[in-house]
Amino acid sequence: MREEVPQNVDSPVVTPQTDSPGIVLASEVLPERIPIVPLRGRPMFPGIPAPIELPQERLPILQRAIERYRETLGLVLVADSDAPDSPQNLRRVGTAAKLLRAVQAESEGAHVLVNCLQRFTLRSVTIEDGVWIGEVAYHREPEYTVNRELKAYAMAVLGTLKQLVQLNRCRSSRSGCT
């Protein structure tokens, strides 16, 4: 069974590019179609490993991710936490994550550890054999360059932090600091 659920996409999406031959962007390695896991309570952010729990009825998502989608999952926060899970109740932006480890609980489902990789915009969701498959467009991460202004700013922040640590040390000790 394949059911198309359109998503409204207004925001600009950057297409993947390679600027230098030795660097591969995550958007070029990650699949454009991935199984979607609806999340409740907290969003996931790129660059952070995170545990999630999947109930028994969502275990086919893991199997699909392992077999067809290079162990990639799409983690998307639900829009209305009081409403039931449905493709229409998903936020438009989610995070692609690689499956690191899954431990199946006896009857509860599975405890899964994922590494969150990159933000995406959810273009559409199809339902294939009971699994939500999202067509996604990955966001390009901003490039940061080190320049004189950034170095000066970093030095100022470090100097301020050193002063705060010294003041905190003086207040925590009963004797005065010189």
# chains A, B, ... in the order shown; residues from 1 in each chain; ligands from 1
>>> select_by_dssp(residues="range 76-148 of chain A", states="helix (DSSP H, G or I)", output="list in words")
Pro87, Gln88, Asn89 and Arg148 of chain A
>>> residues_around(residues="Pro51 in chain A", least_positions_apart="2", cutoff="9 Å", atoms="only C-alpha atoms", output="PyMOL selection string")
chain A and resi 49+53+111-115
>>> write_last_selection(atoms="N, CA and C atoms", output="tab-separated table (two decimals), in the first residue's frame")
chain	number	residue	atom	x	y	z
A	49	PRO	N	24.74	12.46	19.74
A	49	PRO	CA	24.16	11.12	19.86
A	49	PRO	C	23.02	11.16	20.87
A	53	GLU	N	13.29	5.71	22.23
A	53	GLU	CA	12.57	4.47	22.46
A	53	GLU	C	11.52	4.31	21.38
A	111	HIS	N	15.10	-0.05	22.43
A	111	HIS	CA	15.86	1.11	22.86
A	111	HIS	C	16.93	1.32	21.79
A	112	VAL	N	16.98	2.52	21.24
A	112	VAL	CA	17.82	2.79	20.08
A	112	VAL	C	18.75	3.95	20.39
A	113	LEU	N	20.01	3.81	20.01
A	113	LEU	CA	20.97	4.90	20.10
A	113	LEU	C	21.27	5.36	18.69
A	114	VAL	N	21.08	6.65	18.43
A	114	VAL	CA	21.31	7.21	17.10
A	114	VAL	C	22.31	8.35	17.20
A	115	ASN	N	22.97	8.62	16.09
A	115	ASN	CA	23.85	9.78	15.98
A	115	ASN	C	23.17	10.76	15.03
>>> closest_atom_pairs(of="range 73-150 of chain A", to="range 39-46 of chain A", cutoff="12 Å", atoms="only C-alpha atoms", output="CSV")
residue,atom,partner,partner_atom,distance
A:Leu73,CA,A:Leu39,CA,11.8
A:Gly74,CA,A:Leu39,CA,9.9
A:Leu75,CA,A:Leu39,CA,6.6
A:Val76,CA,A:Leu39,CA,5.7
A:Leu77,CA,A:Leu39,CA,4.5
A:Val78,CA,A:Leu39,CA,5.9
A:Ala79,CA,A:Arg40,CA,8.9
A:Asp80,CA,A:Arg40,CA,9.0
A:Ser81,CA,A:Arg40,CA,6.4
A:Asp82,CA,A:Arg40,CA,9.8
A:Ala83,CA,A:Arg40,CA,10.8
A:Pro84,CA,A:Arg40,CA,10.7
A:Asp85,CA,A:Leu39,CA,9.2
A:Ser86,CA,A:Leu39,CA,11.3
A:Pro87,CA,A:Leu39,CA,11.9
A:Asn89,CA,A:Leu39,CA,10.7
A:Leu90,CA,A:Leu39,CA,8.9
A:Arg91,CA,A:Leu39,CA,9.9
A:Val93,CA,A:Pro43,CA,9.9
A:Gly94,CA,A:Met44,CA,7.7
A:Thr95,CA,A:Met44,CA,6.4
A:Ala96,CA,A:Pro46,CA,7.9
A:Ala97,CA,A:Pro46,CA,8.1
A:Lys98,CA,A:Pro46,CA,10.8
A:Val114,CA,A:Met44,CA,10.1
A:Asn115,CA,A:Pro46,CA,7.9
A:Cys116,CA,A:Pro46,CA,4.7
A:Leu117,CA,A:Pro46,CA,4.6
A:Gln118,CA,A:Pro46,CA,5.1
A:Arg119,CA,A:Pro46,CA,6.7
A:Phe120,CA,A:Pro46,CA,10.3
A:Tyr138,CA,A:Pro46,CA,11.8
A:His139,CA,A:Pro46,CA,11.1
A:Arg140,CA,A:Pro46,CA,11.9
A:Glu141,CA,A:Pro46,CA,10.1
>>> write_last_selection(atoms="N, CA and C atoms", output="compact mmCIF listing (two decimals), in the first residue's frame")
# COMPACT_ATOMS: atom_id res chain seq x y z
N LEU A 73 17.60 7.15 9.71
CA LEU A 73 16.24 7.45 10.15
C LEU A 73 16.01 8.95 10.08
N GLY A 74 14.77 9.35 9.88
CA GLY A 74 14.39 10.75 9.96
C GLY A 74 13.63 10.97 11.25
N LEU A 75 14.14 11.83 12.11
CA LEU A 75 13.51 12.11 13.40
C LEU A 75 12.79 13.45 13.29
N VAL A 76 11.46 13.40 13.45
CA VAL A 76 10.64 14.60 13.26
C VAL A 76 9.72 14.75 14.46
N LEU A 77 9.70 15.93 15.04
CA LEU A 77 8.84 16.24 16.17
C LEU A 77 7.39 16.36 15.69
N VAL A 78 6.45 15.84 16.48
CA VAL A 78 5.04 16.01 16.13
C VAL A 78 4.63 17.45 16.40
N ALA A 79 3.69 17.94 15.61
CA ALA A 79 3.26 19.34 15.75
C ALA A 79 2.34 19.51 16.95
N ASP A 80 1.39 18.60 17.14
CA ASP A 80 0.44 18.68 18.25
C ASP A 80 0.61 17.43 19.09
N SER A 81 1.16 17.59 20.29
CA SER A 81 1.45 16.42 21.13
C SER A 81 0.19 15.77 21.68
N ASP A 82 -0.95 16.46 21.63
CA ASP A 82 -2.20 15.87 22.10
C ASP A 82 -2.90 15.06 21.02
N ALA A 83 -2.54 15.28 19.76
CA ALA A 83 -3.15 14.57 18.64
C ALA A 83 -2.42 13.26 18.39
N PRO A 84 -3.09 12.29 17.75
CA PRO A 84 -2.41 11.02 17.45
C PRO A 84 -1.35 11.19 16.38
N ASP A 85 -0.41 10.25 16.33
CA ASP A 85 0.64 10.28 15.31
C ASP A 85 0.02 10.11 13.93
N SER A 86 0.39 10.99 13.03
CA SER A 86 -0.03 10.90 11.64
C SER A 86 0.94 11.74 10.82
N PRO A 87 1.07 11.45 9.54
CA PRO A 87 1.95 12.27 8.70
C PRO A 87 1.55 13.74 8.66
N ASN A 89 0.50 15.38 11.19
CA ASN A 89 0.83 15.95 12.49
C ASN A 89 2.35 16.04 12.71
N LEU A 90 3.11 16.19 11.64
CA LEU A 90 4.56 16.30 11.76
C LEU A 90 5.01 17.72 11.47
N ARG A 91 6.06 18.13 12.13
CA ARG A 91 6.70 19.40 11.80
C ARG A 91 7.40 19.26 10.45
N VAL A 93 10.50 20.39 9.65
CA VAL A 93 11.96 20.24 9.74
C VAL A 93 12.28 19.13 10.73
N GLY A 94 13.20 18.26 10.33
CA GLY A 94 13.62 17.16 11.19
C GLY A 94 15.12 16.98 11.11
N THR A 95 15.60 15.90 11.71
CA THR A 95 17.02 15.61 11.73
C THR A 95 17.26 14.19 11.25
N ALA A 96 18.18 14.04 10.31
CA ALA A 96 18.58 12.71 9.86
C ALA A 96 19.55 12.13 10.88
N ALA A 97 19.38 10.85 11.18
CA ALA A 97 20.21 10.19 12.19
C ALA A 97 20.62 8.82 11.70
N LYS A 98 21.84 8.43 12.06
CA LYS A 98 22.35 7.09 11.75
C LYS A 98 22.12 6.20 12.96
N VAL A 114 21.08 6.65 18.43
CA VAL A 114 21.31 7.21 17.10
C VAL A 114 22.31 8.35 17.20
N ASN A 115 22.97 8.62 16.09
CA ASN A 115 23.85 9.78 15.98
C ASN A 115 23.17 10.76 15.03
N CYS A 116 22.75 11.90 15.56
CA CYS A 116 22.04 12.90 14.76
C CYS A 116 23.04 13.61 13.85
N LEU A 117 22.74 13.66 12.56
CA LEU A 117 23.70 14.14 11.58
C LEU A 117 23.38 15.50 10.97
N GLN A 118 22.19 15.64 10.40
CA GLN A 118 21.94 16.85 9.62
C GLN A 118 20.46 17.16 9.56
N ARG A 119 20.15 18.45 9.54
CA ARG A 119 18.77 18.92 9.43
C ARG A 119 18.25 18.68 8.02
N PHE A 120 16.94 18.49 7.91
CA PHE A 120 16.30 18.38 6.61
C PHE A 120 14.92 19.02 6.66
N TYR A 138 18.07 18.12 2.35
CA TYR A 138 18.98 18.44 3.44
C TYR A 138 19.41 19.90 3.39
N HIS A 139 19.63 20.47 4.56
CA HIS A 139 20.08 21.86 4.69
C HIS A 139 21.60 21.88 4.69
N ARG A 140 22.16 22.82 4.01
CA ARG A 140 23.61 22.98 4.03
C ARG A 140 24.01 23.69 5.31
N GLU A 141 25.04 23.18 5.95
CA GLU A 141 25.56 23.79 7.16
C GLU A 141 26.38 25.03 6.80
>>> residues_around(residues="Trp132 in chain A", least_positions_apart="2", cutoff="9 Å", atoms="only C-alpha atoms", output="list in words")
Ile34, Pro35, Ile36, Val37, Ile61, Pro87, Val125, Thr126, Ile127, Glu128, Asp129, Gly130 and Gly134 of chain A
>>> write_last_selection(atoms="C-alpha atoms", output="compact mmCIF listing (two decimals), in the first residue's frame")
# COMPACT_ATOMS: atom_id res chain seq x y z
CA ILE A 34 14.23 7.86 4.70
CA PRO A 35 11.93 6.17 7.24
CA ILE A 36 10.35 8.74 9.55
CA VAL A 37 10.13 8.36 13.33
CA ILE A 61 10.95 1.32 10.80
CA PRO A 87 1.95 12.27 8.70
CA VAL A 125 5.50 11.53 3.30
CA THR A 126 4.37 8.26 1.74
CA ILE A 127 3.17 5.24 3.64
CA GLU A 128 4.70 1.99 2.38
CA ASP A 129 3.73 -1.24 4.13
CA GLY A 130 2.83 0.71 7.27
CA GLY A 134 9.80 10.85 3.95
>>> atom_distance(atom1="CA of Ala105 in chain A", atom2="CA of Pro31 in chain A")
28.3 Å
>>> atom_distance(atom1="CA of Glu71 in chain A", atom2="CA of Ala137 in chain A")
17.6 Å
